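Containing compact mmCIF, C-alpha atoms: final_20.txt.
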# COMPACT_ATOMS: atom_id res chain seq x y z
CA MET F 1 23.71 -12.61 -1.76
CA ILE F 2 20.40 -14.29 -0.92
CA GLU F 3 19.17 -16.19 -3.97
CA SER F 4 15.54 -15.09 -3.74
CA SER F 5 13.64 -12.37 -1.93
CA LEU F 6 10.44 -14.40 -2.26
CA ARG F 7 9.42 -16.93 0.33
CA LEU F 8 8.62 -20.45 -0.87
CA ASP F 9 4.91 -20.16 -0.12
CA ALA F 10 4.70 -17.03 -2.27
CA GLN F 11 6.57 -18.73 -5.11
CA ARG F 12 4.08 -21.61 -5.02
CA ARG F 13 1.08 -19.26 -5.00
CA LEU F 14 2.20 -17.59 -8.21
CA ALA F 15 1.30 -20.72 -10.15
CA ASP F 16 -2.38 -19.95 -9.44
CA VAL F 17 -2.05 -16.49 -11.00
CA GLY F 18 -0.81 -17.57 -14.42
CA THR F 19 0.71 -15.05 -16.80
CA VAL F 20 -0.04 -11.33 -16.75
CA ASP F 21 0.82 -8.21 -18.71
CA ILE F 22 1.18 -5.77 -15.82
CA VAL F 23 2.51 -6.18 -12.30
CA ILE F 24 1.79 -3.39 -9.84
CA GLY F 25 4.17 -3.67 -6.90
CA ILE F 26 3.58 -1.90 -3.60
CA PRO F 27 6.25 -2.28 -0.87
CA THR F 28 4.75 -1.86 2.59
CA TYR F 29 5.71 -1.55 6.22
CA LYS F 30 3.16 -0.33 8.74
CA HIS F 31 0.82 1.10 6.08
CA ALA F 32 -2.50 -0.18 7.39
CA ARG F 33 -3.87 3.36 7.34
CA SER F 34 -3.12 4.09 3.68
CA ILE F 35 -2.79 0.84 1.71
CA ALA F 36 -6.52 0.42 1.00
CA HIS F 37 -6.77 3.81 -0.73
CA VAL F 38 -3.75 3.09 -2.92
CA MET F 39 -4.92 -0.41 -3.90
CA LYS F 40 -8.48 0.73 -4.59
CA THR F 41 -7.26 3.60 -6.79
CA VAL F 42 -4.88 1.31 -8.69
CA GLY F 43 -7.66 -1.22 -9.22
CA ASP F 44 -9.93 1.47 -10.61
CA GLY F 45 -7.15 2.65 -12.93
CA LEU F 46 -6.48 -0.83 -14.25
CA ALA F 47 -10.18 -1.44 -14.89
CA ALA F 48 -10.52 1.89 -16.71
CA HIS F 49 -7.36 1.90 -18.82
CA PHE F 50 -6.38 -1.75 -19.28
CA LYS F 51 -9.66 -3.60 -19.85
CA THR F 52 -8.04 -6.21 -22.11
CA SER F 53 -4.80 -6.62 -20.18
CA LYS F 54 -4.15 -9.09 -17.39
CA ALA F 55 -2.89 -7.41 -14.24
CA VAL F 56 -1.96 -8.26 -10.67
CA ILE F 57 -1.45 -6.04 -7.65
CA THR F 58 1.33 -7.34 -5.42
CA VAL F 59 1.88 -6.10 -1.89
CA LEU F 60 5.29 -7.03 -0.49
CA ASP F 61 5.40 -6.44 3.25
CA GLY F 62 8.41 -6.11 5.52
CA GLY F 63 6.82 -7.76 8.54
CA SER F 64 4.45 -5.00 9.63
CA PRO F 65 3.30 -5.28 13.26
CA ASP F 66 -0.01 -3.61 12.35
CA ASP F 67 -2.83 -4.83 10.10
CA THR F 68 -1.27 -3.86 6.77
CA MET F 69 -1.52 -7.33 5.23
CA ALA F 70 -5.01 -7.99 6.60
CA VAL F 71 -6.26 -4.71 5.16
CA ALA F 72 -4.58 -5.41 1.81
CA ASN F 73 -6.29 -8.79 1.61
CA GLN F 74 -9.72 -7.24 2.23
CA VAL F 75 -9.64 -4.40 -0.33
CA ALA F 76 -12.36 -4.77 -2.96
CA LEU F 77 -10.77 -4.95 -6.41
CA PRO F 78 -12.27 -5.34 -9.90
CA ALA F 79 -12.86 -8.95 -10.82
CA SER F 80 -10.25 -8.74 -13.57
CA VAL F 81 -7.47 -7.69 -11.20
CA LYS F 82 -5.69 -10.35 -9.18
CA ARG F 83 -3.68 -9.84 -6.02
CA VAL F 84 -0.68 -11.36 -4.29
CA ILE F 85 -0.18 -10.28 -0.68
CA THR F 86 2.95 -11.66 0.96
CA THR F 87 6.08 -10.89 2.92
CA TYR F 88 9.58 -10.90 1.49
CA GLN F 89 12.77 -12.33 2.92
CA GLY F 90 16.22 -10.79 3.25
CA THR F 91 17.35 -7.33 4.31
CA GLN F 92 14.37 -5.31 5.48
CA GLY F 93 13.65 -2.35 3.24
CA LYS F 94 11.99 -1.09 0.11
CA GLY F 95 14.80 -2.33 -2.12
CA THR F 96 14.34 -5.95 -1.09
CA ALA F 97 10.61 -5.61 -1.66
CA VAL F 98 11.30 -4.20 -5.14
CA ARG F 99 13.59 -7.11 -5.92
CA ALA F 100 10.85 -9.53 -4.83
CA ILE F 101 8.40 -7.72 -7.13
CA PHE F 102 10.89 -8.15 -9.97
CA GLU F 103 10.94 -11.89 -9.23
CA ILE F 104 7.16 -12.05 -9.27
CA ALA F 105 7.07 -10.24 -12.60
CA ARG F 106 9.59 -12.66 -14.08
CA SER F 107 7.59 -15.66 -12.84
CA LEU F 108 4.37 -14.25 -14.28
CA ARG F 109 6.07 -13.20 -17.54
CA ALA F 110 4.86 -9.64 -17.16
CA ARG F 111 5.70 -7.01 -19.76
CA VAL F 112 5.85 -4.06 -17.39
CA ILE F 113 6.36 -3.52 -13.66
CA VAL F 114 4.99 -0.44 -11.91
CA ILE F 115 6.27 0.36 -8.42
CA LEU F 116 4.14 2.59 -6.21
CA GLU F 117 4.56 3.80 -2.65
CA ALA F 118 1.97 2.66 -0.12
CA ASP F 119 1.31 6.04 1.51
CA LEU F 120 0.17 8.04 -1.52
CA LYS F 121 -2.67 10.47 -0.88
CA SER F 122 -2.72 12.18 -4.28
CA ILE F 123 -2.64 9.08 -6.48
CA SER F 124 -5.31 9.08 -9.17
CA PRO F 125 -6.56 6.14 -11.30
CA ASP F 126 -4.55 7.30 -14.31
CA TRP F 127 -1.14 7.15 -12.62
CA VAL F 128 -0.64 3.50 -13.53
CA GLU F 129 -1.61 4.13 -17.15
CA LYS F 130 0.74 7.11 -17.46
CA LEU F 131 3.68 5.19 -16.01
CA ALA F 132 3.06 1.87 -17.77
CA ARG F 133 2.15 3.10 -21.25
CA PRO F 134 5.66 4.18 -22.38
CA ILE F 135 6.94 0.70 -21.51
CA LEU F 136 4.05 -1.23 -23.03
CA GLU F 137 4.49 0.69 -26.27
CA ASN F 138 8.18 -0.31 -26.29
CA GLN F 139 9.31 3.30 -26.48
CA TYR F 140 11.21 3.33 -23.18
CA GLN F 141 12.68 0.93 -20.64
CA LEU F 142 12.15 3.15 -17.63
CA ALA F 143 9.55 5.78 -16.76
CA ILE F 144 10.03 8.03 -13.75
CA PRO F 145 7.65 10.63 -12.30
CA PHE F 146 7.68 14.39 -12.66
CA TYR F 147 5.59 16.06 -10.00
CA THR F 148 5.42 18.87 -7.47
CA ARG F 149 6.10 17.99 -3.84
CA PRO F 150 5.73 20.39 -0.92
CA LEU F 151 8.48 21.18 1.54
CA PRO F 152 9.87 19.63 3.60
CA ASP F 153 8.66 16.31 2.14
CA GLY F 154 10.44 16.81 -1.18
CA ALA F 155 13.56 18.44 0.24
CA MET F 156 15.83 15.40 0.02
CA THR F 157 15.34 15.43 -3.73
CA ASP F 158 15.23 19.21 -4.08
CA LEU F 159 18.41 19.92 -2.12
CA LEU F 160 20.45 16.77 -2.69
CA ALA F 161 19.38 14.17 -5.25
CA TYR F 162 18.34 16.56 -8.03
CA PRO F 163 21.23 19.09 -8.01
CA PHE F 164 23.81 16.38 -7.28
CA THR F 165 22.65 14.08 -10.09
CA ARG F 166 22.35 16.95 -12.54
CA LEU F 167 25.86 18.17 -11.71
CA LEU F 168 27.64 14.82 -11.79
CA TYR F 169 26.06 13.14 -14.77
CA GLY F 170 24.72 16.02 -16.86
CA ALA F 171 21.17 14.69 -16.67
CA ASP F 172 18.31 17.02 -15.82
CA VAL F 173 15.96 14.49 -14.22
CA ARG F 174 13.74 16.34 -11.78
CA GLN F 175 12.82 13.40 -9.53
CA PRO F 176 15.82 11.04 -9.51
CA MET F 177 14.63 9.78 -6.13
CA GLY F 178 10.97 9.47 -7.08
CA GLY F 179 9.23 6.71 -5.16
CA GLU F 180 7.16 5.65 -8.17
CA PHE F 181 8.47 4.26 -11.46
CA ALA F 182 7.77 1.75 -14.21
CA LEU F 183 10.24 -0.44 -16.04
CA SER F 184 10.41 -3.19 -18.60
CA ALA F 185 10.72 -6.84 -17.65
CA GLU F 186 14.10 -7.00 -19.38
CA LEU F 187 15.51 -4.10 -17.36
CA ALA F 188 14.09 -5.52 -14.13
CA GLN F 189 15.82 -8.83 -14.78
CA ARG F 190 19.16 -7.10 -15.37
CA LEU F 191 18.84 -5.03 -12.21
CA SER F 192 17.78 -7.93 -10.01
CA ALA F 193 20.95 -9.80 -11.01
CA ARG F 194 23.20 -7.02 -9.62
CA ASP F 195 25.14 -7.81 -6.47
CA VAL F 196 23.70 -4.93 -4.46
CA TRP F 197 20.83 -6.48 -2.54
CA GLU F 198 22.64 -6.70 0.78
CA THR F 199 23.70 -3.03 0.67
CA ASP F 200 21.66 0.13 1.34
CA VAL F 201 20.12 -0.39 -2.11
CA ALA F 202 18.04 -3.10 -0.42
CA ARG F 203 16.78 -0.53 2.07
CA HIS F 204 15.94 3.04 1.05
CA GLY F 205 18.69 3.52 -1.53
CA VAL F 206 16.89 1.73 -4.34
CA ASP F 207 15.24 4.77 -5.98
CA ILE F 208 18.38 6.87 -6.45
CA TRP F 209 20.37 3.76 -7.35
CA LEU F 210 18.00 2.77 -10.14
CA THR F 211 17.94 6.26 -11.69
CA THR F 212 21.70 6.73 -11.43
CA VAL F 213 22.38 3.35 -13.04
CA ALA F 214 19.91 4.16 -15.81
CA ILE F 215 21.53 7.53 -16.53
CA ASN F 216 25.07 6.19 -16.61
CA GLU F 217 24.36 2.97 -18.48
CA ASN F 218 22.27 4.62 -21.22
CA VAL F 219 18.95 3.06 -20.34
CA LYS F 220 16.24 4.60 -22.48
CA MET F 221 14.17 6.53 -19.96
CA CYS F 222 11.44 9.16 -19.88
CA GLN F 223 9.68 11.41 -17.41
CA VAL F 224 5.93 11.29 -16.87
CA ARG F 225 3.91 14.24 -15.55
CA LEU F 226 1.78 13.19 -12.58
CA GLY F 227 0.81 16.57 -11.11
CA VAL F 228 1.18 16.92 -7.35
CA LYS F 229 2.46 14.26 -4.99
CA LEU F 230 1.08 14.26 -1.48
CA ASP F 231 1.62 11.38 0.87
CA ASP F 232 0.78 10.23 4.35
CA SER F 233 3.98 11.85 5.53
CA ARG F 234 6.15 9.96 7.92
CA GLU F 235 7.29 11.88 10.96
CA LEU F 236 10.71 13.40 10.42
CA LEU F 237 13.27 11.87 12.75
CA LEU F 238 15.17 14.98 13.67
CA SER F 239 17.99 13.35 15.64
CA PHE F 240 18.70 10.39 13.33
CA ASP F 241 16.95 9.33 10.12
CA PRO F 242 17.92 5.94 8.65
CA THR F 243 16.08 6.73 5.40
CA PHE F 244 18.29 9.77 4.87
CA VAL F 245 21.45 7.84 5.72
CA GLN F 246 20.64 4.95 3.40
CA ALA F 247 19.46 7.02 0.43
CA ILE F 248 22.16 9.69 0.54
CA GLY F 249 24.81 7.10 1.39
CA THR F 250 23.85 5.20 -1.76
CA MET F 251 24.03 8.42 -3.79
CA PHE F 252 27.51 9.19 -2.45
CA ARG F 253 28.71 5.63 -3.08
CA LEU F 254 27.56 5.77 -6.68
CA MET F 255 29.60 8.92 -7.09
CA ASP F 256 32.75 6.87 -6.60
CA ILE F 257 31.55 4.04 -8.85
CA TYR F 258 30.89 6.47 -11.72
CA LYS F 259 33.70 8.90 -10.98
CA ARG F 260 35.13 8.68 -14.49
CA ARG F 261 31.84 10.03 -15.82
CA TRP F 262 31.55 13.10 -13.64
CA GLN F 263 35.25 14.00 -13.61
CA GLU F 264 34.87 14.65 -17.33
CA THR F 265 32.56 17.29 -18.75
CA GLN F 266 29.21 15.73 -19.57
CA PRO F 267 26.90 17.24 -22.20
CA ALA F 268 23.72 18.50 -20.59
CA ARG F 269 20.68 16.40 -21.39
CA THR F 270 17.12 16.06 -20.19
CA ALA F 271 15.15 12.85 -20.07
CA PRO F 272 12.28 13.40 -22.54
CA PHE F 273 8.69 13.67 -21.39
CA TYR F 274 6.21 11.04 -22.50
CA GLY F 275 2.79 12.32 -23.47
CA ASN F 276 1.24 15.55 -22.32
CA GLY F 277 -0.04 14.69 -18.89
CA VAL F 278 -0.69 17.41 -16.36
CA VAL F 279 1.60 20.31 -15.63
CA PRO F 280 2.71 20.28 -11.97
CA GLU F 281 0.55 22.73 -10.10
CA SER F 282 0.91 24.73 -6.95
CA VAL F 283 0.38 22.94 -3.66
CA ARG F 284 -2.37 24.84 -1.92
CA ALA F 285 -3.14 25.08 1.78
CA TRP F 286 -0.27 22.81 2.66
CA ILE F 287 0.57 22.44 6.34
CA PRO F 288 4.17 21.20 6.62
CA SER F 289 4.85 18.11 8.68
CA VAL F 290 7.51 20.01 10.62
CA THR F 291 8.20 23.71 11.04
CA ALA F 292 11.31 25.65 10.08
CA ALA F 293 11.77 26.41 13.78
CA ALA F 294 11.89 22.69 14.61
CA LEU F 295 14.44 22.14 11.85
CA GLY F 296 16.47 25.01 13.30
CA ASP F 297 16.43 23.37 16.70
CA ALA F 298 17.67 20.13 15.11
CA PHE F 299 20.51 22.07 13.51
CA ALA F 300 21.52 23.56 16.86
CA ALA F 301 21.39 20.15 18.53
CA GLY F 302 23.43 18.66 15.69
CA ALA F 303 26.12 21.32 16.12
CA ARG F 304 26.69 19.96 19.61
CA ARG F 305 26.32 16.28 18.78
CA TYR F 306 28.43 16.21 15.62
CA ALA F 307 31.09 18.82 16.41
CA ARG F 308 33.92 16.29 16.14
CA LEU F 309 32.64 14.75 12.90
CA TRP F 310 32.14 18.18 11.37
CA LYS F 311 35.75 18.98 12.20
CA THR F 312 36.75 15.88 10.23
CA ALA F 313 34.36 16.28 7.32
CA LEU F 314 34.43 20.01 6.62
CA THR F 315 37.18 22.18 5.18
CA PRO F 316 38.20 25.07 7.46
CA SER F 317 36.34 27.78 5.54
CA THR F 318 33.12 25.76 5.37
CA ARG F 319 33.39 24.74 9.01
CA ASN F 320 33.93 28.30 10.17
CA ALA F 321 30.91 29.54 8.21
CA ILE F 322 28.73 26.82 9.70
CA ARG F 323 30.00 27.50 13.21
CA GLU F 324 29.01 31.14 12.86
CA LEU F 325 25.52 30.11 11.82
CA SER F 326 25.20 27.62 14.67
CA GLU F 327 26.08 30.33 17.18
CA ALA F 328 23.57 32.83 15.78
CA PRO F 329 19.94 32.78 16.99
CA ASP F 330 18.58 32.64 13.42
CA GLY F 331 21.54 30.86 11.82
CA ALA F 332 19.50 27.91 10.55
CA LEU F 333 17.43 30.37 8.50
CA ARG F 334 20.46 31.85 6.71
CA PHE F 335 22.14 28.72 5.30
CA GLY F 336 22.89 29.85 1.73
CA ALA F 337 23.09 27.93 -1.54
CA LYS F 338 26.86 28.27 -2.01
CA LEU F 339 27.61 27.13 1.52
CA TRP F 340 25.25 24.19 1.05
CA ALA F 341 26.97 23.12 -2.20
CA ARG F 342 30.39 23.17 -0.57
CA THR F 343 29.07 21.35 2.48
CA VAL F 344 27.67 18.53 0.35
CA PHE F 345 30.90 18.27 -1.62
CA ASP F 346 32.94 18.08 1.59
CA PHE F 347 30.78 15.28 2.95
CA ALA F 348 30.66 13.37 -0.36
CA THR F 349 34.46 13.41 -0.58
CA VAL F 350 35.03 12.31 3.01
CA TYR F 351 32.35 9.63 2.66
CA ASN F 352 34.27 8.04 -0.21
CA GLN F 353 37.88 8.75 0.75
CA GLY F 354 37.87 9.13 4.53
CA GLU F 355 38.73 6.49 7.10
CA GLY F 356 35.69 6.90 9.33
CA ASP F 357 32.34 5.10 9.34
CA PRO F 358 30.53 6.25 6.16
CA ASP F 359 27.11 5.96 7.80
CA LYS F 360 28.19 8.27 10.61
CA ILE F 361 29.45 10.76 8.04
CA VAL F 362 26.05 10.89 6.33
CA ALA F 363 24.27 11.09 9.69
CA ALA F 364 26.37 14.14 10.52
CA LEU F 365 25.14 15.83 7.34
CA LEU F 366 21.51 15.53 8.46
CA PRO F 367 21.31 18.60 10.78
CA LEU F 368 23.02 20.71 8.11
CA TYR F 369 20.46 19.51 5.60
CA TYR F 370 17.73 20.55 8.03
CA ALA F 371 19.23 24.03 8.28
CA ARG F 372 19.30 24.43 4.50
CA CYS F 373 15.71 23.17 4.32
CA ALA F 374 14.62 25.63 7.02
CA THR F 375 16.24 28.45 5.05
CA LEU F 376 14.39 27.43 1.90
CA MET F 377 11.10 27.28 3.78
CA ARG F 378 11.65 30.81 5.09
CA GLU F 379 12.77 32.23 1.74
CA THR F 380 9.93 30.74 -0.30
CA ASN F 381 7.09 30.85 2.22
CA LEU F 382 6.30 27.32 0.94
CA GLU F 383 4.96 28.66 -2.37
CA SER F 384 5.51 26.04 -5.07
CA HIS F 385 6.77 28.35 -7.81
CA ALA F 386 9.17 30.07 -5.42
CA VAL F 387 10.43 26.69 -4.21
CA GLU F 388 11.07 25.51 -7.77
CA HIS F 389 12.94 28.71 -8.58
CA ALA F 390 15.11 28.23 -5.47
CA VAL F 391 15.77 24.58 -6.37
CA GLN F 392 16.95 25.55 -9.84
CA GLU F 393 19.19 28.25 -8.32
CA GLN F 394 20.62 25.60 -5.99
CA ALA F 395 21.35 23.31 -8.93
CA ARG F 396 23.16 26.14 -10.70
CA GLU F 397 25.20 26.80 -7.57
CA PHE F 398 26.27 23.15 -7.51
CA ALA F 399 27.47 23.56 -11.10
CA ILE F 400 29.37 26.76 -10.28
CA GLU F 401 31.15 25.01 -7.41
CA LYS F 402 32.20 21.95 -9.42
CA PRO F 403 35.87 23.12 -9.60
CA TYR F 404 35.84 23.13 -5.80
CA LEU F 405 34.63 19.51 -5.79
CA LEU F 406 37.21 18.39 -8.35
CA HIS F 407 40.05 20.02 -6.41
CA LEU F 408 38.87 18.57 -3.12
CA TRP F 409 38.48 15.07 -4.58
CA GLU F 410 41.98 15.16 -6.06
CA THR F 411 43.79 16.62 -3.04
CA TYR F 412 41.96 15.17 -0.03
CA VAL F 413 44.06 12.99 2.31
CA PRO F 414 42.23 10.74 4.76
CA TRP F 415 44.63 11.34 7.62
CA ALA F 416 43.87 15.06 7.59
CA TRP F 417 42.64 16.33 10.94
CA GLU F 418 41.09 19.59 12.01
CA GLY F 419 40.74 20.73 8.42
CA VAL F 420 44.35 20.24 7.31
CA ARG F 421 44.31 19.39 3.62
Same coordinates, now as structure tokens:
Amino acid sequence: MIESSLRLDAQRRLADVGTVDIVIGIPTYKHARSIAHVMKTVGDGLAAHFKTSKAVITVLDGGSPDDTMAVANQVALPASVKRVITTYQGTQGKGTAVRAIFEIARSLRARVIVILEADLKSISPDWVEKLARPILENQYQLAIPFYTRPLPDGAMTDLLAYPFTRLLYGADVRQPMGGEFALSAELAQRLSARDVWETDVARHGVDIWLTTVAINENVKMCQVRLGVKLDDSRELLLSFDPTFVQAIGTMFRLMDIYKRRWQETQPARTAPFYGNGVVPESVRAWIPSVTAAALGDAFAAGARRYARLWKTALTPSTRNAIRELSEAPDGALRFGAKLWARTVFDFATVYNQGEGDPDKIVAALLPLYYARCATLMRETNLESHAVEHAVQEQAREFAIEKPYLLHLWETYVPWAWEGVR
């Protein structure tokens, strides 16, 4: 494992900063269009809520070919807020940037680290205060967001990370893959010492990894209400999405690491909320980044591209149900909650116990995920309250199907072919 994610020039520059109370870390890659808004809002929040605290905004870039770093260096910040704009070294991805931010915080002897995404549209000046306060008051070691996200942007959490985490570990944490979080310096030091920074955790698996570790290792954590999250949405890569593969692959891998926890019955628990905050509200006049029809087309294309992998990954009954949907004109709009739960359990089992390439297994799940997302978009008409109701129903369906998962995990044989179990 690479000893440091910080380049030597960045390490030397930290001596000019001195010690601080708060480190705001923003991982970037090709965010020239959005980084100024995020930095300016954070600076305003620090000036308003932490007048007597020393703070630094750090932007850790992954080698952007655009003007991200130049823009970040030119943003006007309050005189009391310092900045460190640099690139990191090691595996390219958000996780490596986060690790570098942890190193900066340790060097500056910060009390709290707040990680924010660089494409936030809905960030307000009080987000930093809401996330950092539970840590600064020594009440919690980790604070994660609780917000409303529109479809399809929030679907990876709604349809996978949330119901899966709640089922396996008994923890009702609504945004286990939230891109924003705050943590104590002590927790950051423990996490940065883990031997995971050359895996998908170093890429886009860091958010679900951090939450899952915290749940299973009894880290004192809370949820913080932040309202609505809107971002400068990246274009969905309908044929292959490395973010999906890395994040969901990490989630599946953790399932094997903590299998003793989920194979036993876990008491249901909810991470407490800190403060009052704002209640998540409806997302109004939201134009989705991709239509349900486009997701349906991706499902149909995936049925052709991944036919052989689906034969390996899916039990006969699940595979037959999916084949019927793929052959129907509106099949992608009728992908039900029970079928989705069993599909995820099939893929999670084969990912961990099969003999094929795990990344290819997760990639083959992507068009099925798009079909389930398209169905949810049709059923809810993108209304926030209807979406949340459907997400909770999906989580309950995961719980109902847990005996199916346990049986599959215990009886699966990797040499099975064409659905023979």
Set out as CSV a contact list for stretch 48-101 of chain F and stretch 161-185 of chain F with a cut-off of 12 Å, giving each residue of stretch 48-101 of chain F that qualifies its closest atom pair and distance in Å to one decimal, counting all atoms listed in the file, ordered by chain and rising residue number.
residue,atom,partner,partner_atom,distance
F:Lys94,CA,F:Gly179,CA,9.8
F:Gly95,CA,F:Gly179,CA,11.0
F:Val98,CA,F:Phe181,CA,10.9
F:Ile101,CA,F:Ala185,CA,10.8
Next on the checklist: What's around stretch 363-370 of chain F at 9 Å? Count all atoms listed in the file, leave out sequence neighbours fewer than 5 positions away in its own chain, and write the answer as a ChimeraX atom specification.
Outcome noted: /F:155-156,159-160,238-242,244-245,292,295-296,298-303,305-307,309-310,313,322,332,335,340,343-344,347,358,375
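From atom CA of F:Gly336 back to atom CA of F:Arg323, the distance works out to 13.7 Å.
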Item to check | Nearest residue to F:Ala348 from the set F:Phe252, F:Arg396, F:Thr318, F:Glu327 (distances using all atoms listed in the file) | outcome: F:Phe252
Checklist entry - At what distance in Å, to one decimal, does atom CA of F:Gln189 lie from atom CA of F:Glu103? => result 8.0 Å
Next on the checklist: Residues proximal to (29.5, 22.2, -0.9) were defined as those with any atom within 10 Å of that point in the file's coordinates, counting all atoms listed in the file. Which are they, as a list in words?
Outcome noted: Leu314, Thr315, Thr318, Ala337, Lys338, Leu339, Trp340, Ala341, Arg342, Thr343, Val344, Phe345, Asp346, Phe347, Ala348, Glu397, Phe398, Glu401, Lys402, Tyr404 and Leu405 of chain F
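Residue nearest F:Arg133, chosen from F:Pro267, F:Gly227, F:Gly331, F:Gly275 and counting all atoms listed in the file: F:Gly275.
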Next on the checklist: Taking 6 positions as the minimum chain separation for residues in the same chain, which residues sit within 8 Å of F:Val56 when counting all atoms listed in the file? Answer as a list in words.
Outcome noted: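 My list of contacting residues is Val20, Ile22, Val23, Ile24, Val81, Lys82, Arg83 and Val84 of chain F.
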Item to check | Neighbour list for F:Gln353 as a PyMOL selection string, cut-off 12 Å, all atoms listed in the file, skip fewer than 5 positions in-chain | outcome: chain F and resi 252-253+255-256+312-313+346-348+358+361+408-416
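Using all atoms listed in the file, the smallest distance between any of F:Met377, F:Val362, F:Leu116, F:Val224 and F:Ala293 comes from F:Met377.
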Item to check | Nearby residues, (14.7, -1.7, -4.4) file frame, 10 Å, all atoms listed in the file, as a ChimeraX atom specification | outcome: /F:27,93-102,115,191-192,196-197,200-210
Checklist entry - Which one is closest to F:Ala10: F:Arg190, F:Ser34, F:Ile57, F:Ile104? Count all atoms listed in the file. => result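 Among the listed residues, the smallest separation from F:Ala10 belongs to F:Ile104.
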Checklist entry - Which distance in Å separates atom CA of F:Val71 and atom CA of F:Val42, to one decimal? => result 15.2 Å
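The nearest approach to F:Tyr274 among the residues F:Ile85, F:Leu131, F:Ala79, F:Val228, with all atoms listed in the file taken into account, belongs to F:Leu131.
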Checklist outcome for this item: The residue from F:Ser317, F:Arg372, F:Gly249, F:Val290 with the smallest atom-to-atom distance to F:Val350, counting only C-alpha atoms, is F:Gly249
